[in-house]
Amino acid sequence: MAYLRAVYLILLLKFSAAFGSIISNSTTSNEAEACIDGATIMLSFGFYLNSCPETEPIVFSWVEKAVSDDPRMAASLLRLHFHDCFVNGCDASVLLDDTPNFVGEKTAAPNANSLRGFEVIDAIKADLEYVCPQTVSCADILAIAARDSVVLSGGPGWEVQMGRKDSLSASNTAANNNIPGPNSDLSTLLSKFQNVGLSLQDLVALSGAHTMGKARCSTFIGRINSSSISNSPDLNLEYLQSLQQLCSQSDANTTLADLDHMTPTTFDNQYYVNLLSGEGLLGSDQALVKDEARGTVESYADDMDAFFEDFKRAMLKMGSLNGGGGEIRRNCRAVNS
Ligand code: HEM
């Protein structure tokens, strides 16, 4: 672990120049005010510098270990943060297990048998509780782990704003309603993003997270069924046939396809190149090449730096969606008793 933490510090120095530009572009001071639904919290850079300076090195070393054991884990951890933030803000509600008082978000349709990485967050939390008891929120751990997952996959680094609190409850209904589905068209996607204050550009940039990770055949099978092919005239024929072959082999609930079949574990702009050649895996991916989103897809396909810059900015924006949570949980799966 000591070695991994040293590697983290080197990476931190490497990205410090990039961090500087993000800070100056996104806020005028060291603090950012996140205000959604009337609730306000202050997030800041370097939030744990005095109270728990080990926070980021500890998260990084666990994420690095998890990704080296299972390369897909980078994608899974990035997605966890997204599914947290879209349901009443970034408050770690996604991590809560069901209780007699509420049904949590883990069994909601977008999450069940799909979200991964809970054990990695548990391990990070246990380590942090040992070093700095009840100091670092689970919601902040999710935000840092998402950034580290991108960095470890070859993507950009940015400084994460912190100071989130963990929720006292979770909402299965909001998870079903707020997280967009894989067959959504552009206007549905956009309205779900705009509902939480994110723009068309944020939608296109954040969808670039599908440059890594996997989806189950059952998620997109409707799109590749021969009976519905006429609904997907923008799908590349060879790509379509390869998906049909893959998904006919065994159980569609367990067979997985790469979201970016060209560079599946690298965080790069290949996702957008794929979209332009009709090789987006989900209907919601391919929907981005239409209408007012197409120009942004083309610019990211052309210019990886432009994608990285906008992705960083959009992650900071998404990460500041306020859950208005109430505590620092000791165990990310349950509220404190
Ligand atoms: C724009 C709307 C979005 C839709 C409709 C969508 C939908 C999906 C679906 C259906 C899957 C596969 C689930 C499965 O088959 O089990 C998936 C995977 C994934 N999503 Fe999204 N997503 C969206 C946006 C995002 C955003 C904003 C992020 C992160 C910033 C993200 C990150 C990921 C990642 C990394 C994976 C792969 C996870 C893994 O391999 O474990 N997605 N998404």
# chains A, B, ... in the order shown; residues from 1 in each chain; ligands from 1
$ residues_around --residues "A:Cys332" --least-positions-apart "4" --cutoff "7 Å" --atoms "only C-alpha atoms" --output "short mmCIF file (atom, residue, chain, number, x, y, z; two decimals) with N, CA and C atoms, in the first residue's frame"
data_model
loop_
_atom_site.label_atom_id
_atom_site.label_comp_id
_atom_site.auth_asym_id
_atom_site.auth_seq_id
_atom_site.Cartn_x
_atom_site.Cartn_y
_atom_site.Cartn_z
N LEU A 95 -25.58 3.61 -2.18
CA LEU A 95 -24.84 2.57 -1.46
C LEU A 95 -25.66 1.91 -0.34
N LEU A 96 -26.80 2.51 0.00
CA LEU A 96 -27.57 1.99 1.15
C LEU A 96 -28.27 0.67 0.82
N ASP A 122 -16.59 -0.39 0.13
CA ASP A 122 -16.54 -0.88 1.53
C ASP A 122 -15.10 -0.95 2.03
N CYS A 138 -19.04 8.91 2.44
CA CYS A 138 -19.09 7.89 1.39
C CYS A 138 -19.32 8.57 0.03
#
$ residues_around --residues "A:Asp98" --least-positions-apart "4" --cutoff "9 Å" --atoms "only C-alpha atoms" --output "list in words"
Phe102, Val103, Gly104, Glu105, Lys106, Thr107, Ala170, Arg333 and Ala334 of chain A
$ atom_distance --atom1 "atom CA of A:Ser187" --atom2 "atom 25 (C, counted along the ligand's line) of ligand 1"
15.6 Å
$ closest_residue --among "A:Ser284, A:Ser337, A:Ser153, A:Ser320" --to "A:Asp268" --atoms "only C-alpha atoms"
A:Ser153
$ residues_around --residues "A:Asn88" --least-positions-apart "5" --cutoff "9 Å" --atoms "only C-alpha atoms" --output "PyMOL selection string"
chain A and resi 36+93+170-171+174-175+178+196+321-324
$ write_last_selection --atoms "N, CA and C atoms" --output "PDB file, in the first residue's frame"
ATOM      1  N   ILE A  36     -29.197  22.837  -5.338  1.00  0.00           N
ATOM      2  CA  ILE A  36     -30.254  22.158  -6.090  1.00  0.00           C
ATOM      3  C   ILE A  36     -31.469  22.062  -5.172  1.00  0.00           C
ATOM      4  N   SER A  93     -26.574   7.782  -1.558  1.00  0.00           N
ATOM      5  CA  SER A  93     -27.825   7.037  -1.338  1.00  0.00           C
ATOM      6  C   SER A  93     -27.781   5.701  -2.078  1.00  0.00           C
ATOM      7  N   ALA A 170     -32.835   6.549   0.972  1.00  0.00           N
ATOM      8  CA  ALA A 170     -32.591   6.315  -0.461  1.00  0.00           C
ATOM      9  C   ALA A 170     -33.945   6.277  -1.158  1.00  0.00           C
ATOM     10  N   SER A 171     -33.950   6.405  -2.466  1.00  0.00           N
ATOM     11  CA  SER A 171     -35.234   6.403  -3.167  1.00  0.00           C
ATOM     12  C   SER A 171     -35.212   5.497  -4.395  1.00  0.00           C
ATOM     13  N   ALA A 174     -37.066   7.313  -7.256  1.00  0.00           N
ATOM     14  CA  ALA A 174     -36.286   8.340  -7.957  1.00  0.00           C
ATOM     15  C   ALA A 174     -35.207   7.692  -8.831  1.00  0.00           C
ATOM     16  N   ALA A 175     -34.655   6.561  -8.374  1.00  0.00           N
ATOM     17  CA  ALA A 175     -33.653   5.875  -9.205  1.00  0.00           C
ATOM     18  C   ALA A 175     -34.305   5.406 -10.508  1.00  0.00           C
ATOM     19  N   ASN A 178     -35.187   8.897 -12.554  1.00  0.00           N
ATOM     20  CA  ASN A 178     -34.192   9.914 -12.932  1.00  0.00           C
ATOM     21  C   ASN A 178     -33.068   9.390 -13.819  1.00  0.00           C
ATOM     22  N   VAL A 196     -31.648  17.951 -13.783  1.00  0.00           N
ATOM     23  CA  VAL A 196     -30.696  18.117 -12.674  1.00  0.00           C
ATOM     24  C   VAL A 196     -29.722  19.267 -12.955  1.00  0.00           C
ATOM     25  N   LEU A 321     -23.944  18.180  -7.690  1.00  0.00           N
ATOM     26  CA  LEU A 321     -25.392  18.070  -7.468  1.00  0.00           C
ATOM     27  C   LEU A 321     -25.610  17.722  -5.997  1.00  0.00           C
ATOM     28  N   ASN A 322     -26.369  18.536  -5.352  1.00  0.00           N
ATOM     29  CA  ASN A 322     -26.434  18.468  -3.899  1.00  0.00           C
ATOM     30  C   ASN A 322     -27.487  17.500  -3.392  1.00  0.00           C
ATOM     31  N   GLY A 323     -27.043  16.514  -2.618  1.00  0.00           N
ATOM     32  CA  GLY A 323     -27.982  15.597  -1.993  1.00  0.00           C
ATOM     33  C   GLY A 323     -28.517  16.133  -0.681  1.00  0.00           C
ATOM     34  N   GLY A 324     -27.881  17.164  -0.151  1.00  0.00           N
ATOM     35  CA  GLY A 324     -28.331  17.711   1.130  1.00  0.00           C
ATOM     36  C   GLY A 324     -28.269  16.665   2.239  1.00  0.00           C
TER      37      GLY A 324
END
$ residues_around --residues "A:Ala301" --least-positions-apart "6" --cutoff "12 Å" --atoms "only C-alpha atoms" --output "list in words"
Val204, Ala205, Gly208, Thr211, Asp268, Asn269, Gln270, Tyr271, Tyr272, Val273, Asn274, Leu275, Leu276, Ser277, Val289, Arg294, Gly295, Phe307 and Phe308 of chain A
$ write_last_selection --atoms "N, CA and C atoms" --output "compact mmCIF listing (two decimals), in the first residue's frame"
# COMPACT_ATOMS: atom_id res chain seq x y z
N VAL A 204 -23.46 15.10 -23.75
CA VAL A 204 -22.59 14.47 -24.75
C VAL A 204 -21.23 14.14 -24.13
N ALA A 205 -20.70 15.07 -23.32
CA ALA A 205 -19.38 14.83 -22.72
C ALA A 205 -19.43 13.67 -21.73
N GLY A 208 -19.46 10.12 -22.86
CA GLY A 208 -18.15 9.61 -23.24
C GLY A 208 -17.57 8.64 -22.23
N THR A 211 -16.79 5.07 -23.09
CA THR A 211 -15.53 4.69 -23.75
C THR A 211 -14.92 3.47 -23.04
N ASP A 268 -10.60 7.16 -23.79
CA ASP A 268 -10.15 8.00 -24.91
C ASP A 268 -11.40 8.50 -25.66
N ASN A 269 -11.21 9.07 -26.84
CA ASN A 269 -12.38 9.61 -27.58
C ASN A 269 -12.91 8.66 -28.65
N GLN A 270 -12.47 7.38 -28.58
CA GLN A 270 -12.90 6.41 -29.58
C GLN A 270 -14.42 6.22 -29.60
N TYR A 271 -15.04 6.38 -28.45
CA TYR A 271 -16.51 6.26 -28.35
C TYR A 271 -17.20 7.13 -29.40
N TYR A 272 -16.72 8.36 -29.55
CA TYR A 272 -17.37 9.30 -30.48
C TYR A 272 -17.08 8.91 -31.94
N VAL A 273 -15.87 8.40 -32.17
CA VAL A 273 -15.53 7.91 -33.52
C VAL A 273 -16.48 6.76 -33.86
N ASN A 274 -16.70 5.87 -32.89
CA ASN A 274 -17.62 4.75 -33.11
C ASN A 274 -19.02 5.24 -33.44
N LEU A 275 -19.49 6.25 -32.71
CA LEU A 275 -20.85 6.74 -32.96
C LEU A 275 -21.01 7.21 -34.39
N LEU A 276 -19.98 7.89 -34.90
CA LEU A 276 -20.07 8.45 -36.25
C LEU A 276 -20.06 7.35 -37.31
N SER A 277 -19.53 6.16 -36.96
CA SER A 277 -19.57 5.09 -37.95
C SER A 277 -20.67 4.07 -37.62
N VAL A 289 -25.85 11.15 -32.19
CA VAL A 289 -25.35 11.65 -33.49
C VAL A 289 -26.43 12.42 -34.24
N ARG A 294 -25.14 16.35 -32.61
CA ARG A 294 -24.17 15.81 -33.56
C ARG A 294 -22.87 16.62 -33.64
N GLY A 295 -23.00 17.93 -33.64
CA GLY A 295 -21.82 18.79 -33.77
C GLY A 295 -20.82 18.52 -32.65
N PHE A 307 -12.56 16.88 -25.76
CA PHE A 307 -13.40 15.95 -24.99
C PHE A 307 -12.95 15.91 -23.53
N PHE A 308 -11.65 15.74 -23.30
CA PHE A 308 -11.14 15.64 -21.93
C PHE A 308 -11.49 16.90 -21.12
$ residues_around --residues "A:Leu152" --least-positions-apart "2" --cutoff "9 Å" --atoms "only C-alpha atoms" --output "ChimeraX atom specification"
/A:63-64,67,74,147-150,154-155,266-267
